Amino acid sequence: MSQQAWLNAAVEAAQVAGQVLLDWQGRFSVREKSRANLVTDADEASQTAIVSRLRQHFPDHSFLGEENLNERGSSHEAVWIIDPLDGTSNYVHGFPYYAVSIALMYHGEIEVGVILDPTRHDLFTAIRNGGAALNGSPLQTSGETRIDRAFGMASLPIAANPENPAVRRFLTALSTLQTVQRTGSAALNLANLAAGRIDAFWSSSLNVWDIAAGALLVTESGGVLSNLKGEKIDLFAPSLLAASSPELQQQLTNLFK
């Protein structure tokens with residue numbers, strides 16, 4: 001099966017899921033998985049729609065996702081990694097910054113990635129060694145190299161206290177970068193970094209489904225990925241630093257030591 005076939009199926013599934021999220025807006029119920037960690041009927045309906053659509057094309061593939069999804073197919077080397085609603089708290093409060101994120105890992109490599117922002121109709125796509133695009137137009141990071149001119153995004157742990165290292169890291173960045181924000185959707189942060197809209201994003205509390213598709217978007221648009229120490233990233237470990245250029249990545253690594 002070709003990368004393009006995988007990508008086409010992921011786009012199709014993301015668009016179906018995006019419509020599910022829009023249809024559920026305002027009529028869902030909300031539960032807490034843990035303190036301030038929300039899940040909605042919409043999350044689960046979106047995930048069901050994605051898996052159903054992808055399984056039609058690839059019945060032997062495996063699936064890994066946020067909402068208790070861990071299904072082993074006969075083809076263990078092909079795993080779809082799914083976040084059906086990245087930015088659930090935003091969605092619950094009607095803040096339009098959330099996304100559907102779908103990636104395919106094949107033999108340990110992320111081969112395709114799709115992130116859909118259903119409220120803006122922004123469709124971000126990437127193919128390994130094939131580039132990244134937004135609604136069909138090629139993407140490139142901003143290329144920003146100076147930390148004092150950088151627009152950074154941070155992901156903070158749910159219900160983090162003031163002494164949490166991630167909070168201290170955020171405050172350190174706040175006094176060094178030009179702008180630092182926290183938005184609540186790692187997938188869209190990575191997609192927007194790939195699109196040149198922001199210059200850096202970091203986190204110490206994410207899961208693989210939050211970042212798999214976005215990581216491919218960043219590298220395929222010329223960005224740099226590492227863990228917070230500047231080492232090779234492990235998508236299954238909660239340490240991520242994404243930057244628009246190697247120079248900025250190095251400055252941020254030094255800042256966070």
# chains A, B, ... in the order shown; residues from 1 in each chain; ligands from 1
>>> closest_atom_pairs(of="stretch 151-248 of chain A", to="stretch 140-147 of chain A", cutoff="12 Å", atoms="only C-alpha atoms", output="JSON lines")
{"residue": "A:Phe151", "atom": "CA", "partner": "A:Ile147", "partner_atom": "CA", "distance": 8.4}
{"residue": "A:Gly152", "atom": "CA", "partner": "A:Ile147", "partner_atom": "CA", "distance": 9.1}
{"residue": "A:Ala173", "atom": "CA", "partner": "A:Ile147", "partner_atom": "CA", "distance": 9.3}
{"residue": "A:Leu174", "atom": "CA", "partner": "A:Ile147", "partner_atom": "CA", "distance": 11.1}
{"residue": "A:Ser175", "atom": "CA", "partner": "A:Ile147", "partner_atom": "CA", "distance": 10.8}
{"residue": "A:Thr176", "atom": "CA", "partner": "A:Ile147", "partner_atom": "CA", "distance": 7.1}
{"residue": "A:Leu177", "atom": "CA", "partner": "A:Ile147", "partner_atom": "CA", "distance": 5.5}
{"residue": "A:Gln178", "atom": "CA", "partner": "A:Ile147", "partner_atom": "CA", "distance": 7.5}
{"residue": "A:Thr179", "atom": "CA", "partner": "A:Ile147", "partner_atom": "CA", "distance": 9.9}
{"residue": "A:Val180", "atom": "CA", "partner": "A:Ile147", "partner_atom": "CA", "distance": 11.2}
{"residue": "A:Leu190", "atom": "CA", "partner": "A:Thr141", "partner_atom": "CA", "distance": 10.4}
{"residue": "A:Ala191", "atom": "CA", "partner": "A:Thr141", "partner_atom": "CA", "distance": 9.8}
{"residue": "A:Asn192", "atom": "CA", "partner": "A:Thr141", "partner_atom": "CA", "distance": 8.7}
{"residue": "A:Leu193", "atom": "CA", "partner": "A:Thr141", "partner_atom": "CA", "distance": 6.2}
{"residue": "A:Ala194", "atom": "CA", "partner": "A:Thr141", "partner_atom": "CA", "distance": 4.9}
{"residue": "A:Ala195", "atom": "CA", "partner": "A:Thr141", "partner_atom": "CA", "distance": 5.6}
{"residue": "A:Gly196", "atom": "CA", "partner": "A:Thr141", "partner_atom": "CA", "distance": 4.2}
{"residue": "A:Arg197", "atom": "CA", "partner": "A:Ser142", "partner_atom": "CA", "distance": 7.1}
{"residue": "A:Ile198", "atom": "CA", "partner": "A:Ser142", "partner_atom": "CA", "distance": 7.4}
{"residue": "A:Asp199", "atom": "CA", "partner": "A:Glu144", "partner_atom": "CA", "distance": 6.4}
{"residue": "A:Ala200", "atom": "CA", "partner": "A:Glu144", "partner_atom": "CA", "distance": 9.2}
{"residue": "A:Leu217", "atom": "CA", "partner": "A:Gln140", "partner_atom": "CA", "distance": 9.5}
{"residue": "A:Val218", "atom": "CA", "partner": "A:Thr141", "partner_atom": "CA", "distance": 7.6}
{"residue": "A:Thr219", "atom": "CA", "partner": "A:Thr141", "partner_atom": "CA", "distance": 9.3}
{"residue": "A:Glu220", "atom": "CA", "partner": "A:Gln140", "partner_atom": "CA", "distance": 8.1}
{"residue": "A:Ser221", "atom": "CA", "partner": "A:Gln140", "partner_atom": "CA", "distance": 4.4}
{"residue": "A:Gly222", "atom": "CA", "partner": "A:Thr141", "partner_atom": "CA", "distance": 6.0}
{"residue": "A:Gly223", "atom": "CA", "partner": "A:Thr141", "partner_atom": "CA", "distance": 6.0}
{"residue": "A:Val224", "atom": "CA", "partner": "A:Thr141", "partner_atom": "CA", "distance": 9.6}
{"residue": "A:Ala242", "atom": "CA", "partner": "A:Thr141", "partner_atom": "CA", "distance": 10.8}
{"residue": "A:Ala243", "atom": "CA", "partner": "A:Glu144", "partner_atom": "CA", "distance": 8.5}
{"residue": "A:Ser244", "atom": "CA", "partner": "A:Gly143", "partner_atom": "CA", "distance": 5.0}
{"residue": "A:Ser245", "atom": "CA", "partner": "A:Gly143", "partner_atom": "CA", "distance": 5.3}
{"residue": "A:Pro246", "atom": "CA", "partner": "A:Thr145", "partner_atom": "CA", "distance": 7.6}
{"residue": "A:Glu247", "atom": "CA", "partner": "A:Thr145", "partner_atom": "CA", "distance": 5.2}
{"residue": "A:Leu248", "atom": "CA", "partner": "A:Thr145", "partner_atom": "CA", "distance": 4.8}
>>> residues_around(residues="A:Trp209", least_positions_apart="3", cutoff="10 Å", atoms="only C-alpha atoms", output="list of chain:residue names")
A:Leu64, A:Gly65, A:Glu66, A:Trp80, A:Ile81, A:Ile82, A:Asp83, A:Pro84, A:Asp86, A:Ser101, A:Ile102, A:Ala103, A:Ala186, A:Ala187, A:Leu206, A:Ala212, A:Ala213, A:Gly214, A:Leu235, A:Phe236
>>> select_by_dssp(residues="stretch 118-218 of chain A", states="helix (DSSP H, G or I)", output="PyMOL selection string")
chain A and resi 147-149+165-174+186-194+208-218
>>> residues_around(residues="stretch 2-10 of chain A", least_positions_apart="2", cutoff="7 Å", atoms="only C-alpha atoms", output="ChimeraX atom specification")
/A:12-14,54,102,111-112,114,127
>>> residues_around(residues="A:Pro165", least_positions_apart="4", cutoff="12 Å", atoms="only C-alpha atoms", output="ChimeraX atom specification")
/A:155-157,160-161,169-172,203-205,228,256-257
>>> select_by_dssp(residues="stretch 19-251 of chain A", states="strand (DSSP E or B)", output="MDAnalysis selection string")
chainID A and resid 30:34 37:40 61:65 69:71 75:86 99:106 109:117 122:127 131:134 137:138 151:155 179:181 200:203 224:226 240:243
>>> closest_residue(among="A:Gln251, A:Gln25, A:Ser74, A:Thr125", to="A:His61", atoms="only C-alpha atoms")
A:Ser74
>>> closest_residue(among="A:Phe201, A:Tyr97, A:Phe63, A:Trp24", to="A:Asp117", atoms="only C-alpha atoms")
A:Tyr97
>>> atom_distance(atom1="atom CA of A:Asn70", atom2="atom CA of A:Ile233")
22.6 Å
>>> closest_residue(among="A:Asp43, A:Asp148, A:Asp234, A:Glu163", to="A:Gly18", atoms="only C-alpha atoms")
A:Asp43
>>> residues_around(residues="A:Phe124", least_positions_apart="4", cutoff="6 Å", atoms="only C-alpha atoms", output="PyMOL selection string")
chain A and resi 114-115+133-134
>>> write_last_selection(atoms="C-alpha atoms", output="tab-separated table (two decimals), in the first residue's frame")
chain	number	residue	atom	x	y	z
A	114	VAL	CA	-3.21	14.55	9.17
A	115	ILE	CA	-4.45	17.31	11.46
A	133	ALA	CA	0.88	21.03	3.17
A	134	LEU	CA	-2.03	23.16	4.35
>>> residues_around(residues="A:Glu109", least_positions_apart="5", cutoff="10 Å", atoms="only C-alpha atoms", output="ChimeraX atom specification")
/A:77-79,104,128,212,216
>>> closest_residue(among="A:Thr40, A:Asn207, A:Arg168, A:Asn189", to="A:Ser89", atoms="only C-alpha atoms")
A:Thr40
